[in-house]
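Undergrad: Before anything else, here's the structure in question.
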Amino acid sequence: MDGSLTENGGLLLVAELDRALGITAALDTAIGPVKARERGLSGGEFALAMAAVQLTGEDHLVGFDRLRADRVGEGLLPAPVPPSTTAATLAARFDQARREGVERACAQVTARALAALPVAERARILTGRVTIDLDAKDIEVYSTRKEQVVRSYKGEIAGRVHAAHWAQAGTVLVADLLDGRSDGRTHSPGQVDRAVEAVRTAGATGPILFQGDSGYYAGKVAEKIVARGCLFRLAVPRSAPLWRAVAAVHDDDWIDALDYPAAQVAVLDYVPTGWPGGTRVIVRRVRYDAADLSADPRSRRSRTVGRDQLALVLDGIADTAYAYSFMAANEVLDLDEEIALAEWEFRRRTRIEELFRDTAHGAGLNHLPSASHAVNSMWMWGALLAYNLAAWLQMLSPLGTARRRIATVRRLLIHRAARCTATARRHELHFTAQAGELIAQTLARIRAHRHLPAT
């Protein structure tokens, strides 16, 4: 095998991004020391190395050894890549406080990356409304010997990632790996505090809106969000009081939903008991023909229809029925247009779902590689840091404004074959003509950013 060749020539961009944004330095400061002796890799160097390994497509700890075998590619990174056994040992030293340090560092680096955006785009992100989506994702494993994994309500042995995602910036703010039965309603109040601190550290000054599904429907979650001066939109589980409130809505009070021809929305005369003042519940109904509804109790659509309506349809007495969804919000929504827009935005909260898909298929977060909870938690953060690296690269690259998946960034910028040559004590990378042009443009953008003040 030719030792002057590499299939990961684009790691040069990761190294240059580190120099421009000070990623390793920010990580080192926020994480603190991970070893008693100052030798070998620092905490920031290791975190960036793990993210780089997962950014190249490796989905297990042995990926460290594979990248080490690529002498040219590994040499492009700011620090050496450790062997897989050393990587597991270092990852186990990252406790909760150090993992939260990764969160703080990411917020600082995001602030520097946003400075590279055009003025109008940067102002939209930093001074406009900040939308933070809360969600959780189960990661199935096949051994109960792993720490902090239990059977979820679906019957899978799983760990559960709880994360908060900044929709406008396209970056992860906070995340924790818990067991498969962990409840977002219990865990999210602490994440709310950390998420607010993260977006403020990143320079965002606009109002903050938290969104979440029914797994986050709890008065204490809403109270924490309000206590931080933020707004919320949380899905409401269907219950008898809601069905009674829906029955009281007059036909003239329904408003056509945006981009949903068969749907209408309305505001209910119902407030959840004990929730903060100003809370309102918005309902959406969607009309379905009898042929579109099933008697199977596993049918997700049929479960959104009231029992009485569903019985009439299944008995052939009624031809149509309405499926209902509910959302609690503390926004001031007086106009019909404001109500319809709020429901439309809540319905389209898919960025965090894309985060989980992207890191699972693009950065190895489809499994937990170790029996150690600390190692698995750091593996999770390696994938999330790879996700943020892809976001920062796109802020400083000529790839366009549309967010690209990790696999696309890897194909366009990272997995680029190159030959390393040494001439007069100078090492140079040589790419193919097509790849070299894009790499050169991206390098120029990143290096230009090194001379811009961070906002």
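Numbering starts fresh at 1 for the residues of each chain in the structure tokens, the chains themselves are lettered A, B, ... in the order given, and ligands are numbered from 1 as they appear.
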Skip range 383-399 of chain A itself and residues of its chain fewer than 4 positions away, then list as JSON, numbers by chain all residues within 7 Å of it, counting only C-alpha atoms.

TA: {"A": [51, 52, 54, 55, 113, 114, 116, 117, 170, 171, 172, 359, 363, 364, 365, 379, 406, 409, 442, 445, 446]}

Undergrad: Compile the contact shell of range 410-415 of chain A as an mmCIF file with N, CA and C atoms, in the first residue's frame: residues with an atom at most 10 Å away, counting only C-alpha atoms, same-chain residues fewer than 4 positions apart removed.

TA:
data_model
loop_
_atom_site.group_PDB
_atom_site.id
_atom_site.type_symbol
_atom_site.label_atom_id
_atom_site.label_comp_id
_atom_site.auth_asym_id
_atom_site.auth_seq_id
_atom_site.Cartn_x
_atom_site.Cartn_y
_atom_site.Cartn_z
ATOM 1 N N THR A 6 -4.006 8.948 0.802
ATOM 2 C CA THR A 6 -5.045 8.937 1.828
ATOM 3 C C THR A 6 -6.398 9.054 1.163
ATOM 4 N N GLU A 7 -7.391 8.408 1.758
ATOM 5 C CA GLU A 7 -8.757 8.563 1.272
ATOM 6 C C GLU A 7 -9.509 9.642 2.039
ATOM 7 N N ASN A 8 -8.849 10.239 3.033
ATOM 8 C CA ASN A 8 -9.483 11.250 3.877
ATOM 9 C C ASN A 8 -8.748 12.577 3.805
ATOM 10 N N GLY A 9 -8.428 13.000 2.591
ATOM 11 C CA GLY A 9 -7.701 14.248 2.432
ATOM 12 C C GLY A 9 -8.454 15.454 2.953
ATOM 13 N N GLY A 10 -9.798 15.360 3.009
ATOM 14 C CA GLY A 10 -10.593 16.482 3.485
ATOM 15 C C GLY A 10 -10.464 16.745 4.972
ATOM 16 N N LEU A 11 -9.783 15.836 5.711
ATOM 17 C CA LEU A 11 -9.529 16.130 7.123
ATOM 18 C C LEU A 11 -8.668 17.375 7.287
ATOM 19 N N LEU A 12 -8.002 17.764 6.202
ATOM 20 C CA LEU A 12 -7.283 19.034 6.207
ATOM 21 C C LEU A 12 -8.224 20.183 6.564
ATOM 22 N N LEU A 13 -9.481 20.098 6.117
ATOM 23 C CA LEU A 13 -10.459 21.144 6.412
ATOM 24 C C LEU A 13 -10.820 21.165 7.893
ATOM 25 N N VAL A 14 -10.886 19.975 8.523
ATOM 26 C CA VAL A 14 -11.172 19.916 9.957
ATOM 27 C C VAL A 14 -10.050 20.587 10.737
ATOM 28 N N ALA A 52 -13.743 13.431 14.665
ATOM 29 C CA ALA A 52 -13.167 13.240 13.332
ATOM 30 C C ALA A 52 -13.286 11.790 12.888
ATOM 31 N N LEU A 55 -16.804 11.361 11.941
ATOM 32 C CA LEU A 55 -17.096 12.134 10.740
ATOM 33 C C LEU A 55 -16.624 11.404 9.483
ATOM 34 N N THR A 56 -15.571 10.595 9.607
ATOM 35 C CA THR A 56 -15.092 9.838 8.441
ATOM 36 C C THR A 56 -15.947 8.608 8.159
ATOM 37 N N GLY A 57 -16.941 8.339 9.011
ATOM 38 C CA GLY A 57 -17.860 7.239 8.748
ATOM 39 C C GLY A 57 -17.646 6.017 9.604
ATOM 40 N N GLY A 73 -3.838 10.724 6.418
ATOM 41 C CA GLY A 73 -5.069 11.319 6.914
ATOM 42 C C GLY A 73 -4.980 11.679 8.384
ATOM 43 N N GLY A 362 -24.989 8.601 9.827
ATOM 44 C CA GLY A 362 -23.784 9.277 9.359
ATOM 45 C C GLY A 362 -22.640 9.338 10.338
ATOM 46 N N ALA A 390 -19.974 19.332 11.016
ATOM 47 C CA ALA A 390 -20.553 19.440 9.676
ATOM 48 C C ALA A 390 -21.302 20.755 9.517
ATOM 49 N N LEU A 393 -18.657 23.579 9.282
ATOM 50 C CA LEU A 393 -18.017 23.541 7.960
ATOM 51 C C LEU A 393 -18.904 24.175 6.904
ATOM 52 N N SER A 397 -18.256 27.152 4.227
ATOM 53 C CA SER A 397 -17.917 26.535 2.943
ATOM 54 C C SER A 397 -18.868 27.027 1.859
ATOM 55 N N LEU A 399 -20.919 25.422 0.038
ATOM 56 C CA LEU A 399 -21.874 24.368 -0.284
ATOM 57 C C LEU A 399 -23.302 24.887 -0.422
ATOM 58 N N ARG A 404 -26.761 20.248 4.688
ATOM 59 C CA ARG A 404 -26.418 18.944 4.115
ATOM 60 C C ARG A 404 -26.205 17.926 5.233
ATOM 61 N N ARG A 405 -26.548 16.691 4.954
ATOM 62 C CA ARG A 405 -26.338 15.634 5.934
ATOM 63 C C ARG A 405 -24.854 15.324 6.090
ATOM 64 N N ILE A 406 -24.541 14.662 7.212
ATOM 65 C CA ILE A 406 -23.145 14.307 7.477
ATOM 66 C C ILE A 406 -22.582 13.474 6.337
ATOM 67 N N ALA A 435 -12.039 17.700 -7.064
ATOM 68 C CA ALA A 435 -12.005 17.784 -5.612
ATOM 69 C C ALA A 435 -11.130 18.949 -5.158
ATOM 70 N N GLY A 436 -10.013 19.161 -5.844
ATOM 71 C CA GLY A 436 -9.089 20.215 -5.448
ATOM 72 C C GLY A 436 -9.714 21.588 -5.511
ATOM 73 N N LEU A 438 -12.964 22.431 -5.039
ATOM 74 C CA LEU A 438 -13.865 22.624 -3.909
ATOM 75 C C LEU A 438 -13.089 22.738 -2.606
ATOM 76 N N ILE A 439 -12.062 21.916 -2.428
ATOM 77 C CA ILE A 439 -11.238 21.989 -1.222
ATOM 78 C C ILE A 439 -10.565 23.356 -1.129
ATOM 79 N N THR A 442 -13.065 26.050 -0.128
ATOM 80 C CA THR A 442 -13.432 25.937 1.281
ATOM 81 C C THR A 442 -12.288 26.397 2.177
#

Undergrad: Where in range 276-349 of chain A does DSSP assign alpha helix (DSSP H), given as JSON, numbers by chain?

TA: {"A": [307, 308, 309, 310, 311, 312, 313, 314, 336, 337, 338, 339, 340, 341, 342, 343, 344, 345, 346, 347]}

Undergrad: For those residues, write N, CA and C atoms to a file as a PDB file, in the first residue's frame.

TA:
ATOM      1  N   ARG A 307     -63.527   8.101  20.693  1.00  0.00           N
ATOM      2  CA  ARG A 307     -64.106   6.754  20.698  1.00  0.00           C
ATOM      3  C   ARG A 307     -65.510   6.735  20.122  1.00  0.00           C
ATOM      4  N   ASP A 308     -66.320   7.719  20.467  1.00  0.00           N
ATOM      5  CA  ASP A 308     -67.700   7.737  19.979  1.00  0.00           C
ATOM      6  C   ASP A 308     -67.739   7.888  18.461  1.00  0.00           C
ATOM      7  N   GLN A 309     -66.935   8.811  17.922  1.00  0.00           N
ATOM      8  CA  GLN A 309     -66.895   9.001  16.467  1.00  0.00           C
ATOM      9  C   GLN A 309     -66.394   7.749  15.776  1.00  0.00           C
ATOM     10  N   LEU A 310     -65.339   7.146  16.324  1.00  0.00           N
ATOM     11  CA  LEU A 310     -64.771   5.958  15.694  1.00  0.00           C
ATOM     12  C   LEU A 310     -65.784   4.818  15.683  1.00  0.00           C
ATOM     13  N   ALA A 311     -66.550   4.671  16.762  1.00  0.00           N
ATOM     14  CA  ALA A 311     -67.561   3.609  16.816  1.00  0.00           C
ATOM     15  C   ALA A 311     -68.641   3.827  15.758  1.00  0.00           C
ATOM     16  N   LEU A 312     -69.032   5.084  15.561  1.00  0.00           N
ATOM     17  CA  LEU A 312     -70.053   5.369  14.549  1.00  0.00           C
ATOM     18  C   LEU A 312     -69.547   5.032  13.151  1.00  0.00           C
ATOM     19  N   VAL A 313     -68.293   5.327  12.894  1.00  0.00           N
ATOM     20  CA  VAL A 313     -67.716   5.045  11.573  1.00  0.00           C
ATOM     21  C   VAL A 313     -67.568   3.542  11.362  1.00  0.00           C
ATOM     22  N   LEU A 314     -67.047   2.853  12.361  1.00  0.00           N
ATOM     23  CA  LEU A 314     -66.826   1.417  12.214  1.00  0.00           C
ATOM     24  C   LEU A 314     -68.137   0.642  12.127  1.00  0.00           C
ATOM     25  N   ASP A 336     -56.510  35.070  13.914  1.00  0.00           N
ATOM     26  CA  ASP A 336     -56.629  33.754  13.288  1.00  0.00           C
ATOM     27  C   ASP A 336     -55.340  33.353  12.584  1.00  0.00           C
ATOM     28  N   GLU A 337     -54.708  34.345  11.945  1.00  0.00           N
ATOM     29  CA  GLU A 337     -53.476  34.050  11.221  1.00  0.00           C
ATOM     30  C   GLU A 337     -52.367  33.610  12.171  1.00  0.00           C
ATOM     31  N   GLU A 338     -52.316  34.194  13.369  1.00  0.00           N
ATOM     32  CA  GLU A 338     -51.298  33.828  14.344  1.00  0.00           C
ATOM     33  C   GLU A 338     -51.514  32.401  14.863  1.00  0.00           C
ATOM     34  N   ILE A 339     -52.776  32.048  15.073  1.00  0.00           N
ATOM     35  CA  ILE A 339     -53.098  30.702  15.546  1.00  0.00           C
ATOM     36  C   ILE A 339     -52.717  29.660  14.490  1.00  0.00           C
ATOM     37  N   ALA A 340     -53.100  29.929  13.251  1.00  0.00           N
ATOM     38  CA  ALA A 340     -52.798  28.987  12.169  1.00  0.00           C
ATOM     39  C   ALA A 340     -51.292  28.866  11.951  1.00  0.00           C
ATOM     40  N   LEU A 341     -50.575  29.988  12.054  1.00  0.00           N
ATOM     41  CA  LEU A 341     -49.124  29.956  11.849  1.00  0.00           C
ATOM     42  C   LEU A 341     -48.430  29.180  12.963  1.00  0.00           C
ATOM     43  N   ALA A 342     -48.870  29.366  14.206  1.00  0.00           N
ATOM     44  CA  ALA A 342     -48.268  28.633  15.330  1.00  0.00           C
ATOM     45  C   ALA A 342     -48.448  27.132  15.157  1.00  0.00           C
ATOM     46  N   GLU A 343     -49.636  26.703  14.743  1.00  0.00           N
ATOM     47  CA  GLU A 343     -49.878  25.273  14.528  1.00  0.00           C
ATOM     48  C   GLU A 343     -49.036  24.753  13.375  1.00  0.00           C
ATOM     49  N   TRP A 344     -48.903  25.535  12.316  1.00  0.00           N
ATOM     50  CA  TRP A 344     -48.111  25.128  11.150  1.00  0.00           C
ATOM     51  C   TRP A 344     -46.640  24.954  11.537  1.00  0.00           C
ATOM     52  N   GLU A 345     -46.098  25.896  12.307  1.00  0.00           N
ATOM     53  CA  GLU A 345     -44.699  25.805  12.719  1.00  0.00           C
ATOM     54  C   GLU A 345     -44.479  24.607  13.633  1.00  0.00           C
ATOM     55  N   PHE A 346     -45.417  24.355  14.527  1.00  0.00           N
ATOM     56  CA  PHE A 346     -45.273  23.223  15.443  1.00  0.00           C
ATOM     57  C   PHE A 346     -45.333  21.902  14.676  1.00  0.00           C
ATOM     58  N   ARG A 347     -46.176  21.841  13.674  1.00  0.00           N
ATOM     59  CA  ARG A 347     -46.302  20.624  12.868  1.00  0.00           C
ATOM     60  C   ARG A 347     -45.020  20.331  12.090  1.00  0.00           C
TER      61      ARG A 347
END

Undergrad: Could you name the residues that touch Ala26 in chain A at 10 Å or less, counting only C-alpha atoms, but leaving out those on the same chain fewer than 3 positions away, as a short mmCIF file (atom, residue, chain, number, x, y, z; two decimals) with C-alpha atoms, in the first residue's frame?

TA:
data_model
loop_
_atom_site.label_atom_id
_atom_site.label_comp_id
_atom_site.auth_asym_id
_atom_site.auth_seq_id
_atom_site.Cartn_x
_atom_site.Cartn_y
_atom_site.Cartn_z
CA ASP A 18 -9.90 24.04 14.30
CA LEU A 21 -12.53 28.66 15.28
CA GLY A 22 -10.30 27.53 18.13
CA ILE A 23 -12.27 24.31 18.64
CA THR A 29 -10.92 25.23 28.59
CA ALA A 30 -14.48 24.00 29.12
CA ILE A 31 -13.65 20.33 29.75
CA GLY A 44 -10.18 18.78 23.78
CA GLY A 101 -18.05 21.25 29.15
CA VAL A 102 -18.34 19.95 25.57
CA ARG A 104 -20.32 25.00 26.55
CA ALA A 105 -17.43 24.76 24.10
CA CYS A 106 -19.80 24.02 21.21
CA ALA A 107 -21.79 27.16 22.04
CA GLN A 108 -18.64 29.27 21.97
CA VAL A 109 -17.49 27.80 18.65
#

Undergrad: Compare A:Trp381, A:Tyr324, A:Trp254, A:Trp275 by their minimum atom-to-atom distance to Tyr288 in chain A, counting only C-alpha atoms, and give me the closest one.

TA: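 Residue with the minimum atom-to-atom distance to Tyr288 in chain A: A:Tyr324.
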
Undergrad: Once you count only C-alpha atoms, what closest atom pair and distance in Å to one decimal does each residue of range 16-38 of chain A within 10 Å of range 78-91 of chain A have, with rows by chain and rising residue number, as JSON lines?

TA:
{"residue": "A:Glu16", "atom": "CA", "partner": "A:Pro78", "partner_atom": "CA", "distance": 8.8}
{"residue": "A:Asp18", "atom": "CA", "partner": "A:Pro78", "partner_atom": "CA", "distance": 7.7}
{"residue": "A:Arg19", "atom": "CA", "partner": "A:Pro78", "partner_atom": "CA", "distance": 8.6}
{"residue": "A:Thr24", "atom": "CA", "partner": "A:Pro78", "partner_atom": "CA", "distance": 8.5}
{"residue": "A:Val34", "atom": "CA", "partner": "A:Leu90", "partner_atom": "CA", "distance": 7.6}
{"residue": "A:Lys35", "atom": "CA", "partner": "A:Leu90", "partner_atom": "CA", "distance": 8.6}

Undergrad: Could you write out the selected residues, including N, CA and C atoms, as a PDB file, in the first residue's frame?

TA:
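Output file again08.pdb follows:
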ATOM      1  N   GLU A  16      -7.994  22.895   9.623  1.00  0.00           N
ATOM      2  CA  GLU A  16      -8.028  24.335   9.365  1.00  0.00           C
ATOM      3  C   GLU A  16      -9.203  24.986  10.092  1.00  0.00           C
ATOM      4  N   ASP A  18     -10.344  23.965  12.904  1.00  0.00           N
ATOM      5  CA  ASP A  18      -9.898  24.040  14.299  1.00  0.00           C
ATOM      6  C   ASP A  18      -9.037  25.276  14.520  1.00  0.00           C
ATOM      7  N   ARG A  19      -8.159  25.575  13.580  1.00  0.00           N
ATOM      8  CA  ARG A  19      -7.314  26.766  13.721  1.00  0.00           C
ATOM      9  C   ARG A  19      -8.137  28.047  13.650  1.00  0.00           C
ATOM     10  N   THR A  24     -10.340  23.133  19.546  1.00  0.00           N
ATOM     11  CA  THR A  24      -9.628  22.390  20.576  1.00  0.00           C
ATOM     12  C   THR A  24      -9.402  23.240  21.816  1.00  0.00           C
ATOM     13  N   VAL A  34      -8.241  15.943  32.033  1.00  0.00           N
ATOM     14  CA  VAL A  34      -8.806  14.595  32.118  1.00  0.00           C
ATOM     15  C   VAL A  34      -7.784  13.588  32.643  1.00  0.00           C
ATOM     16  N   LYS A  35      -6.555  14.061  32.864  1.00  0.00           N
ATOM     17  CA  LYS A  35      -5.499  13.187  33.378  1.00  0.00           C
ATOM     18  C   LYS A  35      -4.697  13.943  34.422  1.00  0.00           C
TER      19      LYS A  35
END

Undergrad: Check which residues of range 328-426 of chain A sit at most 8 Å from range 177-198 of chain A using only C-alpha atoms, and return one row each with the closest pair of atoms and their distance in Å to one decimal, ordered by chain and rising number, as CSV.

TA:
residue,atom,partner,partner_atom,distance
A:Asn376,CA,A:Leu177,CA,8.0
A:Ser377,CA,A:Leu177,CA,5.7
A:Met380,CA,A:Leu177,CA,7.5

Undergrad: Just the selected residues (N, CA and C atoms), exported as a short mmCIF file (atom, residue, chain, number, x, y, z; two decimals), in the first residue's frame, please.

TA:
data_model
loop_
_atom_site.label_atom_id
_atom_site.label_comp_id
_atom_site.auth_asym_id
_atom_site.auth_seq_id
_atom_site.Cartn_x
_atom_site.Cartn_y
_atom_site.Cartn_z
N ASN A 376 -20.01 5.18 26.39
CA ASN A 376 -21.12 5.34 25.46
C ASN A 376 -21.61 6.78 25.41
N SER A 377 -21.59 7.46 26.57
CA SER A 377 -22.00 8.86 26.59
C SER A 377 -21.04 9.72 25.78
N MET A 380 -21.68 9.11 22.16
CA MET A 380 -22.81 9.94 21.74
C MET A 380 -22.33 11.35 21.42
#
